[in-house]
>>> print(open('final_34.cif').read())   # mmCIF, C-alpha atoms
data_structure
loop_
_atom_site.label_atom_id
_atom_site.label_comp_id
_atom_site.auth_asym_id
_atom_site.auth_seq_id
_atom_site.Cartn_x
_atom_site.Cartn_y
_atom_site.Cartn_z
CA MET A 84 21.35 -28.88 -150.16
CA LYS A 85 19.68 -31.57 -152.22
CA PRO A 86 21.79 -34.41 -153.55
CA ASP A 87 22.46 -34.26 -157.25
CA ASP A 88 22.10 -37.15 -159.69
CA PHE A 89 25.58 -38.43 -159.08
CA GLU A 90 25.13 -38.56 -155.31
CA GLN A 91 21.79 -40.25 -155.70
CA LYS A 92 23.17 -42.84 -158.09
CA VAL A 93 26.11 -43.65 -155.86
CA GLY A 94 23.99 -43.66 -152.75
CA ARG A 95 21.56 -46.13 -154.29
CA ILE A 96 24.20 -48.78 -154.85
CA PRO A 97 23.26 -51.58 -152.46
CA ARG A 98 25.94 -52.60 -150.01
CA ALA A 99 27.20 -56.16 -149.81
CA PRO A 100 24.97 -58.28 -147.58
CA ILE A 101 26.31 -59.42 -144.25
CA PRO A 102 27.29 -63.12 -144.33
CA GLY A 103 24.46 -65.24 -143.00
CA ASP A 104 26.58 -67.39 -140.68
CA TRP A 105 27.84 -64.40 -138.72
CA LYS A 106 24.65 -64.01 -136.76
CA GLN A 107 24.90 -67.36 -135.05
CA ASP A 108 28.58 -66.94 -134.16
CA ILE A 109 28.30 -63.39 -132.94
CA LEU A 110 25.20 -63.92 -130.84
CA ARG A 111 26.53 -67.15 -129.36
CA VAL A 112 29.74 -65.53 -128.17
CA ALA A 113 27.86 -62.49 -126.90
CA ARG A 114 25.43 -64.67 -124.97
CA GLU A 115 28.22 -66.67 -123.44
CA GLU A 116 29.80 -63.45 -122.30
CA ALA A 117 26.52 -62.24 -120.92
CA ALA A 118 26.02 -65.42 -118.97
CA GLY A 119 29.47 -65.11 -117.48
CA ARG A 120 30.15 -68.60 -118.68
CA THR A 121 33.52 -68.89 -117.02
CA ALA A 122 32.29 -67.90 -113.59
CA TRP A 123 29.29 -70.12 -114.00
CA PHE A 124 31.49 -73.08 -114.80
CA GLY A 125 33.39 -72.43 -111.59
CA VAL A 126 30.25 -72.32 -109.49
CA ARG A 127 28.88 -75.43 -111.16
CA TRP A 128 32.14 -77.27 -110.60
CA LEU A 129 31.99 -76.38 -106.90
CA GLY A 130 28.38 -77.49 -106.70
CA THR A 131 29.19 -80.79 -108.37
CA ALA A 132 32.10 -81.35 -106.03
CA LEU A 133 29.95 -80.66 -102.99
CA GLU A 134 27.23 -82.92 -104.29
CA GLY A 135 29.81 -85.60 -104.84
CA ALA A 136 30.95 -85.19 -101.25
CA GLY A 137 27.34 -85.55 -100.19
CA CYS A 138 27.05 -88.76 -102.19
CA ARG A 139 30.07 -90.18 -100.48
CA ARG A 140 28.63 -89.27 -97.11
CA ARG A 141 25.25 -90.80 -97.77
CA PRO A 142 24.77 -93.66 -100.26
CA CYS A 143 23.13 -92.43 -103.43
CA GLN A 144 19.76 -93.72 -104.47
CA PRO A 145 18.37 -94.24 -107.96
CA ARG A 146 17.01 -91.05 -109.46
CA VAL A 147 13.25 -91.17 -109.62
CA GLU A 148 11.85 -89.03 -112.38
CA SER A 149 8.20 -88.03 -112.58
CA GLY A 150 7.45 -91.26 -114.43
CA GLY A 151 9.08 -93.31 -111.70
CA LYS A 152 11.92 -94.52 -113.93
CA PRO A 153 15.44 -93.31 -114.40
CA PRO A 154 16.15 -91.60 -117.74
CA GLN A 155 16.92 -93.98 -120.56
CA SER A 156 20.14 -92.19 -121.35
CA MET A 157 21.58 -92.94 -117.92
CA THR A 158 22.95 -96.18 -116.64
CA GLU A 159 21.87 -97.47 -113.26
CA SER A 160 25.01 -96.25 -111.61
CA GLN A 161 24.70 -92.82 -113.20
CA ALA A 162 21.07 -92.44 -112.23
CA ILE A 163 21.65 -91.24 -108.73
CA VAL A 164 20.25 -88.74 -106.38
CA HIS A 165 23.03 -86.71 -104.91
CA GLY A 166 23.19 -86.11 -101.21
CA SER A 167 21.71 -82.86 -100.05
CA TRP A 168 23.93 -79.88 -99.31
CA LEU A 169 22.88 -80.00 -95.68
CA ASP A 170 24.58 -83.39 -95.38
CA VAL A 171 27.72 -81.87 -96.77
CA LEU A 172 27.56 -78.87 -94.48
CA SER A 173 27.13 -81.12 -91.45
CA ALA A 174 30.23 -83.15 -92.24
CA PRO A 175 32.89 -82.94 -89.52
CA TRP A 176 35.58 -81.50 -91.77
CA VAL A 177 33.22 -78.77 -92.95
CA LEU A 178 32.35 -77.88 -89.35
CA LEU A 179 36.02 -77.89 -88.42
CA ALA A 180 36.88 -75.64 -91.33
CA ALA A 181 34.01 -73.30 -90.47
CA GLY A 182 35.14 -73.16 -86.84
CA TRP A 183 38.68 -72.42 -87.85
CA MET A 184 37.49 -69.65 -90.12
CA VAL A 185 35.42 -68.12 -87.33
CA ILE A 186 38.40 -68.19 -84.98
CA ALA A 187 40.66 -66.66 -87.62
CA LEU A 188 38.12 -63.92 -88.24
CA LEU A 189 37.82 -63.20 -84.53
CA GLN A 190 41.59 -63.02 -84.15
CA TRP A 191 41.83 -60.73 -87.11
CA GLY A 192 39.13 -58.50 -85.72
CA LEU A 193 40.73 -58.38 -82.27
CA ALA A 194 44.09 -57.55 -83.78
CA GLY A 195 42.54 -54.70 -85.68
CA PHE A 196 40.81 -53.44 -82.56
CA GLU A 197 44.03 -53.61 -80.56
CA LYS A 198 45.87 -51.74 -83.28
CA ARG A 199 43.28 -49.01 -83.20
CA GLU A 200 43.54 -48.87 -79.44
CA ALA A 201 47.31 -48.59 -79.59
CA SER A 202 47.13 -45.78 -82.11
CA GLY A 203 45.03 -43.80 -79.67
CA ARG A 204 41.72 -44.07 -81.43
CA SER A 205 38.76 -45.58 -79.77
CA GLY A 206 37.50 -48.82 -81.12
CA MET A 207 34.03 -47.37 -81.21
CA ALA A 208 33.32 -44.72 -83.76
CA GLY A 209 32.44 -41.36 -82.34
CA VAL A 210 33.27 -42.23 -78.71
CA GLY A 211 36.02 -39.79 -77.82
CA SER A 212 39.63 -40.12 -78.83
CA ARG A 213 41.41 -40.51 -75.46
CA PRO A 214 43.91 -43.35 -75.45
CA SER A 215 43.07 -46.25 -73.22
CA VAL A 216 45.21 -47.25 -70.26
CA LEU A 217 46.85 -49.99 -72.25
CA ALA A 218 47.72 -47.58 -75.03
CA ALA A 219 49.05 -45.04 -72.49
CA VAL A 220 51.31 -47.64 -70.90
CA ARG A 221 52.63 -48.66 -74.29
CA LEU A 222 53.24 -45.09 -75.26
CA HIS A 223 55.11 -44.40 -72.03
CA ARG A 224 57.29 -47.46 -72.52
CA ALA A 225 58.07 -46.45 -76.08
CA GLU A 226 59.06 -42.98 -74.89
CA LEU A 227 61.36 -44.43 -72.25
CA LEU A 228 63.04 -46.62 -74.83
CA THR A 229 63.46 -43.70 -77.18
CA LEU A 230 65.00 -41.52 -74.47
CA SER A 231 67.41 -44.20 -73.38
CA SER A 232 68.55 -44.96 -76.89
CA ASN A 233 69.14 -41.26 -77.59
CA ASP A 234 71.30 -40.77 -74.49
CA GLU A 235 74.75 -41.96 -75.60
CA SER A 236 76.44 -41.51 -72.23
CA ALA A 237 74.02 -43.80 -70.47
CA PRO A 238 73.86 -47.48 -71.31
CA ALA A 239 70.90 -48.54 -73.32
CA PHE A 240 67.95 -49.76 -71.35
CA GLY A 241 68.58 -53.38 -70.50
CA ALA A 242 71.98 -53.51 -72.30
CA PRO A 243 74.98 -55.04 -70.41
CA ALA A 244 77.69 -52.68 -69.25
CA GLN A 245 80.64 -52.50 -71.67
CA ALA A 246 84.30 -52.69 -70.61
CA PRO A 247 86.39 -49.55 -71.25
CA THR A 248 88.39 -49.60 -74.44
CA LEU A 249 92.16 -49.85 -74.03
CA THR A 250 93.92 -47.28 -76.16
CA ASN A 251 97.57 -47.82 -75.16
CA PRO A 252 99.10 -50.69 -77.21
CA SER A 253 101.46 -51.62 -74.37
CA GLU A 254 98.49 -52.26 -72.13
CA ARG A 255 96.85 -54.42 -74.74
CA PRO A 256 96.50 -58.05 -73.60
CA ARG A 257 98.67 -60.64 -75.32
CA SER A 258 95.73 -62.12 -77.08
CA GLU A 259 95.18 -58.78 -78.78
CA ALA A 260 98.78 -58.29 -79.81
CA LEU A 261 99.67 -57.73 -83.43
CA PRO A 262 100.12 -60.89 -85.48
CA GLY A 263 103.77 -60.15 -86.22
CA ARG A 264 104.64 -59.66 -82.62
CA ASN A 265 102.55 -62.59 -81.67
CA GLY A 266 104.54 -64.79 -84.02
CA MET A 267 107.84 -63.39 -82.73
CA ASN A 268 106.81 -64.09 -79.16
CA ALA A 269 105.90 -67.63 -80.10
CA ALA A 270 109.28 -68.14 -81.80
CA LEU A 271 111.13 -66.74 -78.78
CA GLY A 272 109.19 -69.00 -76.45
CA ALA A 273 110.04 -72.04 -78.56
CA ARG A 274 113.73 -71.12 -78.59
CA ARG A 275 113.68 -70.83 -74.81
CA MET A 276 112.11 -74.25 -74.56
CA TRP A 277 114.78 -75.94 -76.71
CA SER A 278 117.77 -74.11 -75.28
CA MET B 281 20.33 -67.07 -118.16
CA PHE B 282 19.37 -63.56 -119.18
CA PRO B 283 16.46 -64.05 -121.55
CA GLY B 284 15.77 -60.34 -121.87
CA VAL B 285 19.28 -59.63 -123.02
CA GLU B 286 19.20 -62.46 -125.53
CA ILE B 287 16.05 -61.10 -127.14
CA ASP B 288 17.51 -57.63 -127.27
CA LEU B 289 20.70 -58.83 -128.85
CA GLU B 290 18.89 -60.69 -131.56
CA ARG B 291 16.65 -57.75 -132.30
CA LEU B 292 19.61 -55.42 -132.37
CA TYR B 293 21.41 -57.72 -134.73
CA ASP B 294 18.45 -58.01 -137.09
CA GLU B 295 17.87 -54.29 -137.13
CA HIS B 296 21.39 -52.90 -137.28
CA ALA B 297 23.95 -55.55 -138.20
CA GLN B 298 23.68 -54.94 -141.94
CA ALA B 299 24.32 -51.22 -141.59
CA LEU B 300 27.13 -51.81 -139.12
CA HIS B 301 28.68 -54.36 -141.44
CA ALA B 302 28.63 -51.91 -144.33
CA PHE B 303 30.10 -49.13 -142.21
CA GLY B 304 32.74 -51.47 -140.82
CA LEU B 305 33.71 -52.58 -144.31
CA SER B 306 33.98 -48.95 -145.40
CA LEU B 307 36.29 -48.23 -142.50
CA THR B 308 38.45 -51.35 -142.36
CA ARG B 309 38.04 -52.74 -145.90
CA SER B 310 38.51 -56.17 -144.36
CA THR B 311 35.83 -58.79 -143.75
CA ALA B 312 37.74 -60.38 -140.88
CA ASP B 313 38.30 -57.05 -139.13
CA THR B 314 34.68 -56.09 -139.63
CA LYS B 315 33.51 -59.33 -138.09
CA ASP B 316 35.86 -58.80 -135.15
CA LEU B 317 34.53 -55.29 -134.64
CA LEU B 318 30.95 -56.47 -134.80
CA GLN B 319 31.69 -59.30 -132.41
CA ASP B 320 33.37 -56.98 -129.94
CA MET B 321 30.47 -54.60 -130.12
CA PHE B 322 27.89 -57.27 -129.36
CA VAL B 323 30.00 -58.66 -126.54
CA LYS B 324 30.16 -55.16 -125.11
CA LEU B 325 26.40 -54.82 -125.42
CA ALA B 326 25.88 -58.20 -123.80
CA ARG B 327 28.09 -57.27 -120.89
CA ASN B 328 26.36 -53.94 -120.42
CA PRO B 329 22.70 -54.46 -121.23
CA GLY B 330 21.95 -50.97 -120.00
CA LEU B 331 24.27 -49.37 -122.52
CA LEU B 332 21.41 -48.57 -124.87
CA ALA B 333 19.04 -47.47 -122.13
CA GLY B 334 17.66 -44.05 -122.91
CA ILE B 335 19.29 -43.92 -126.36
CA ARG B 336 16.80 -42.65 -128.90
CA ASP B 337 18.91 -43.11 -132.02
CA GLN B 338 20.21 -46.62 -131.50
CA ARG B 339 21.58 -46.88 -135.03
CA GLY B 340 23.60 -43.72 -134.59
CA PHE B 341 24.90 -44.89 -131.23
CA LEU B 342 25.94 -48.25 -132.65
CA LEU B 343 27.61 -46.61 -135.65
CA ARG B 344 29.57 -44.43 -133.26
CA LEU B 345 30.60 -47.50 -131.29
CA MET B 346 31.73 -49.11 -134.53
CA HIS B 347 33.73 -46.03 -135.47
CA HIS B 348 35.48 -45.95 -132.11
CA ALA B 349 36.22 -49.65 -132.29
CA ALA B 350 37.67 -49.21 -135.79
CA ILE B 351 39.91 -46.39 -134.58
CA ASP B 352 41.12 -48.61 -131.75
CA LEU B 353 41.80 -51.34 -134.26
CA PHE B 354 43.81 -48.97 -136.43
CA ARG B 355 45.84 -47.88 -133.44
CA ARG B 356 46.53 -51.45 -132.44
CA GLY B 357 47.56 -52.50 -135.93
CA ALA B 358 48.91 -49.26 -137.34
CA VAL B 359 51.42 -51.04 -139.54
CA ARG B 360 48.85 -53.25 -141.14
CA ALA B 361 46.47 -50.34 -141.65
CA ALA B 362 49.24 -48.37 -143.34
CA ALA B 363 49.94 -51.29 -145.63
CA LEU B 364 46.28 -51.51 -146.49
CA ASP B 365 46.12 -47.82 -147.26
CA GLY B 366 48.90 -48.09 -149.80
CA ALA B 367 47.42 -50.85 -151.88
CA ALA B 368 43.93 -51.73 -152.96
CA ALA B 369 43.90 -54.64 -150.60
CA GLN B 370 40.18 -55.06 -150.56
CA ASP B 371 39.48 -58.63 -149.61
CA SER B 372 35.73 -58.43 -149.91
CA PRO B 373 33.34 -56.55 -152.13
CA MET B 374 31.87 -53.38 -150.73
CA PHE B 375 28.77 -53.56 -152.88
CA ALA B 376 26.28 -56.25 -153.76
CA ALA B 377 26.92 -58.27 -156.90
CA VAL B 378 24.96 -57.41 -160.02
CA ALA B 379 24.48 -59.13 -163.36
CA ASP B 380 24.42 -56.04 -165.62
CA PRO B 381 28.02 -55.51 -166.85
CA ASP B 382 27.71 -51.73 -167.11
CA GLU B 383 26.34 -51.44 -163.62
CA ARG B 384 28.98 -53.85 -162.36
CA ALA B 385 31.70 -51.74 -163.98
CA PHE B 386 30.30 -48.62 -162.34
CA ARG B 387 30.14 -50.27 -158.95
CA ASP B 388 33.68 -51.54 -159.28
CA SER B 389 34.84 -48.06 -160.16
CA VAL B 390 33.02 -46.52 -157.22
CA GLU B 391 34.56 -49.12 -154.96
CA SER B 392 38.07 -48.44 -156.30
CA ALA B 393 37.55 -44.72 -155.89
CA MET B 394 36.26 -45.18 -152.37
CA ILE B 395 39.28 -47.26 -151.46
CA GLU B 396 41.58 -44.49 -152.58
CA LEU B 397 39.91 -41.97 -150.30
CA PRO B 398 41.30 -41.28 -146.83
CA ALA B 399 39.48 -43.19 -144.14
CA GLU B 400 37.93 -40.07 -142.57
CA GLN B 401 36.45 -38.93 -145.91
CA ARG B 402 35.24 -42.45 -146.57
CA ALA B 403 33.46 -42.52 -143.23
CA VAL B 404 31.68 -39.22 -143.89
CA LEU B 405 30.72 -40.26 -147.42
CA HIS B 406 29.33 -43.54 -146.17
CA LEU B 407 27.26 -41.94 -143.46
CA LYS B 408 25.93 -39.30 -145.83
CA LEU B 409 25.28 -41.40 -148.93
CA TRP B 410 24.27 -44.75 -147.51
CA GLU B 411 22.96 -43.86 -144.08
CA GLY B 412 21.35 -40.60 -145.13
CA ARG B 413 22.64 -38.75 -142.07
CA THR B 414 22.73 -34.99 -141.82
CA PHE B 415 26.02 -33.20 -141.34
CA ASP B 416 24.96 -32.40 -137.80
CA ALA B 417 24.43 -36.07 -137.06
CA ILE B 418 27.66 -37.05 -138.82
CA ALA B 419 29.63 -34.47 -136.87
CA GLU B 420 28.20 -35.73 -133.60
CA LEU B 421 28.68 -39.35 -134.53
CA LEU B 422 32.30 -38.96 -135.56
CA GLY B 423 33.11 -36.39 -132.93
CA ILE B 424 34.22 -33.71 -135.38
CA PRO B 425 33.08 -30.12 -136.03
CA LEU B 426 30.18 -29.60 -138.40
CA ASN B 427 32.28 -27.71 -140.96
CA THR B 428 34.87 -30.47 -140.94
CA ALA B 429 32.21 -33.04 -141.70
CA ALA B 430 30.86 -30.95 -144.56
CA SER B 431 34.28 -30.26 -146.04
CA ARG B 432 35.32 -33.89 -145.81
CA TYR B 433 32.18 -34.84 -147.64
CA ARG B 434 32.76 -32.22 -150.33
CA TYR B 435 36.39 -33.21 -150.88
CA GLY B 436 35.53 -36.90 -150.96
CA LEU B 437 32.64 -36.43 -153.35
CA ASP B 438 34.75 -34.25 -155.66
CA LYS B 439 37.35 -36.96 -155.84
CA LEU B 440 34.70 -39.56 -156.63
CA ARG B 441 33.22 -37.30 -159.26
CA SER B 442 36.48 -36.58 -160.99
CA ARG B 443 37.39 -40.23 -160.94
CA LEU B 444 34.03 -41.50 -162.18
CA ARG B 445 33.01 -38.64 -164.44
CA PRO B 446 33.81 -40.35 -167.79
CA LEU B 447 32.09 -43.57 -166.81
CA TYR B 448 29.15 -41.78 -165.27
CA ASP B 449 28.63 -39.59 -168.34
CA GLU B 450 28.88 -42.64 -170.52
CA LEU B 451 26.29 -44.50 -168.47
CA ARG B 452 23.89 -41.54 -168.60
#
>>> encode(input="final_34.cif", output="structure tokens")
Amino acid sequence: MKPDDFEQKVGRIPRAPIPGDWKQDILRVAREEAAGRTAWFGVRWLGTALEGAGCRRRPCQPRVESGGKPPQSMTESQAIVHGSWLDVLSAPWVLLAAGWMVIALLQWGLAGFEKREASGRSGMAGVGSRPSVLAAVRLHRAELLTLSSNDESAPAFGAPAQAPTLTNPSERPRSEALPGRNGMNAALGARRMWS
Amino acid sequence: MFPGVEIDLERLYDEHAQALHAFGLSLTRSTADTKDLLQDMFVKLARNPGLLAGIRDQRGFLLRLMHHAAIDLFRRGAVRAAALDGAAAQDSPMFAAVADPDERAFRDSVESAMIELPAEQRAVLHLKLWEGRTFDAIAELLGIPLNTAASRYRYGLDKLRSRLRPLYDELR
């Protein structure tokens, strides 16, 4: 179906041009997104901080550019060579932190291994599924505890023996007497004392 | 940081931004919304440089992205879109300015008539008249059946015709 005159005339109307300043804005934002600007700022901040730590560890020296002079835009104090990252990594607090992290990781790994052992699975993939001795002992102990707690007639494992409950009120000790009677007894006792 | 992506973005902008701008204006009838849509689209492309990999018809793909983004925008701001539908709240011209008063009057009339059309008919008319797409391509681009695309075009064009007939006959 060929377009008629009307369609052709309408279709030939040129559309409004895109504003010229959009290109710069749109591409700038898109590029910033592409570069992951936020993440990059974080990494750069960390790098600067580490370099600063390196500078504190080793006195900074004037930056020597290819021409042998510091850049004109920098003052003498700004024109510095930062300490290398190796200096930072060899600092005692960094080594301590790294050691602590290694220990924490080992503990975490051992805990996971022990948990797997206790659940009856081997710590090594594909090597049988028989529970280890440690796991068997734990399982046995858990079963004993379960049995003892289910048996109401027997005292719980490790629990102290309980005294029998007194059901007859006349056999109830004085300390457990009703408050009213307790008060009456006290009043009678006082009367006896004064009479 | 990613020089290849930067070059691609600039090329994409130079090649397709004008068409996307026109389509966006047809859909949203708002310069600000169109710029937002275009910005979002280029951010998406920048984040996923491989999005256009293997796409033969890049213009069609980008127009489809623009259409989806416009639909999302309508859903987010349904109230504002409804308000825009009711009134001729066109905040920017759809067509290029022209000195000839007769031609300007015709363009203004076409623009007014376009604004009165439902958004889906406007989208099909735009893709057919200004992008020169076939009904097959329009149907695929908008995600509608072929017959629906054709009927939307016919209904939209009939409305334009009836609205502009006196002026058009006079101009001829």
>>> resolve_selection(input="final_34.cif", expression="the PyMOL selection byres ((chain A) within 9 of (chain B))", output="tab-separated table (two decimals) with C-alpha atoms, in the frame of the given file")
chain	number	residue	atom	x	y	z
A	89	PHE	CA	25.58	-38.43	-159.08
A	90	GLU	CA	25.13	-38.56	-155.31
A	91	GLN	CA	21.79	-40.25	-155.70
A	93	VAL	CA	26.11	-43.65	-155.86
A	94	GLY	CA	23.99	-43.66	-152.75
A	95	ARG	CA	21.56	-46.13	-154.29
A	96	ILE	CA	24.20	-48.78	-154.85
A	97	PRO	CA	23.26	-51.58	-152.46
A	98	ARG	CA	25.94	-52.60	-150.01
A	99	ALA	CA	27.20	-56.16	-149.81
A	100	PRO	CA	24.97	-58.28	-147.58
A	101	ILE	CA	26.31	-59.42	-144.25
A	105	TRP	CA	27.84	-64.40	-138.72
A	106	LYS	CA	24.65	-64.01	-136.76
A	108	ASP	CA	28.58	-66.94	-134.16
A	109	ILE	CA	28.30	-63.39	-132.94
A	110	LEU	CA	25.20	-63.92	-130.84
A	112	VAL	CA	29.74	-65.53	-128.17
A	113	ALA	CA	27.86	-62.49	-126.90
A	114	ARG	CA	25.43	-64.67	-124.97
A	115	GLU	CA	28.22	-66.67	-123.44
A	116	GLU	CA	29.80	-63.45	-122.30
A	117	ALA	CA	26.52	-62.24	-120.92
A	118	ALA	CA	26.02	-65.42	-118.97
A	119	GLY	CA	29.47	-65.11	-117.48
>>> atom_distance(input="final_34.cif", atom1="atom CA of Lys92 of chain A", atom2="atom CA of Ala417 of chain B")
22.1 Å
>>> atom_distance(input="final_34.cif", atom1="atom CA of Thr308 of chain B", atom2="atom CA of Asp352 of chain B")
11.3 Å
>>> atom_distance(input="final_34.cif", atom1="atom CA of Ala403 of chain B", atom2="atom CA of Leu307 of chain B")
6.4 Å
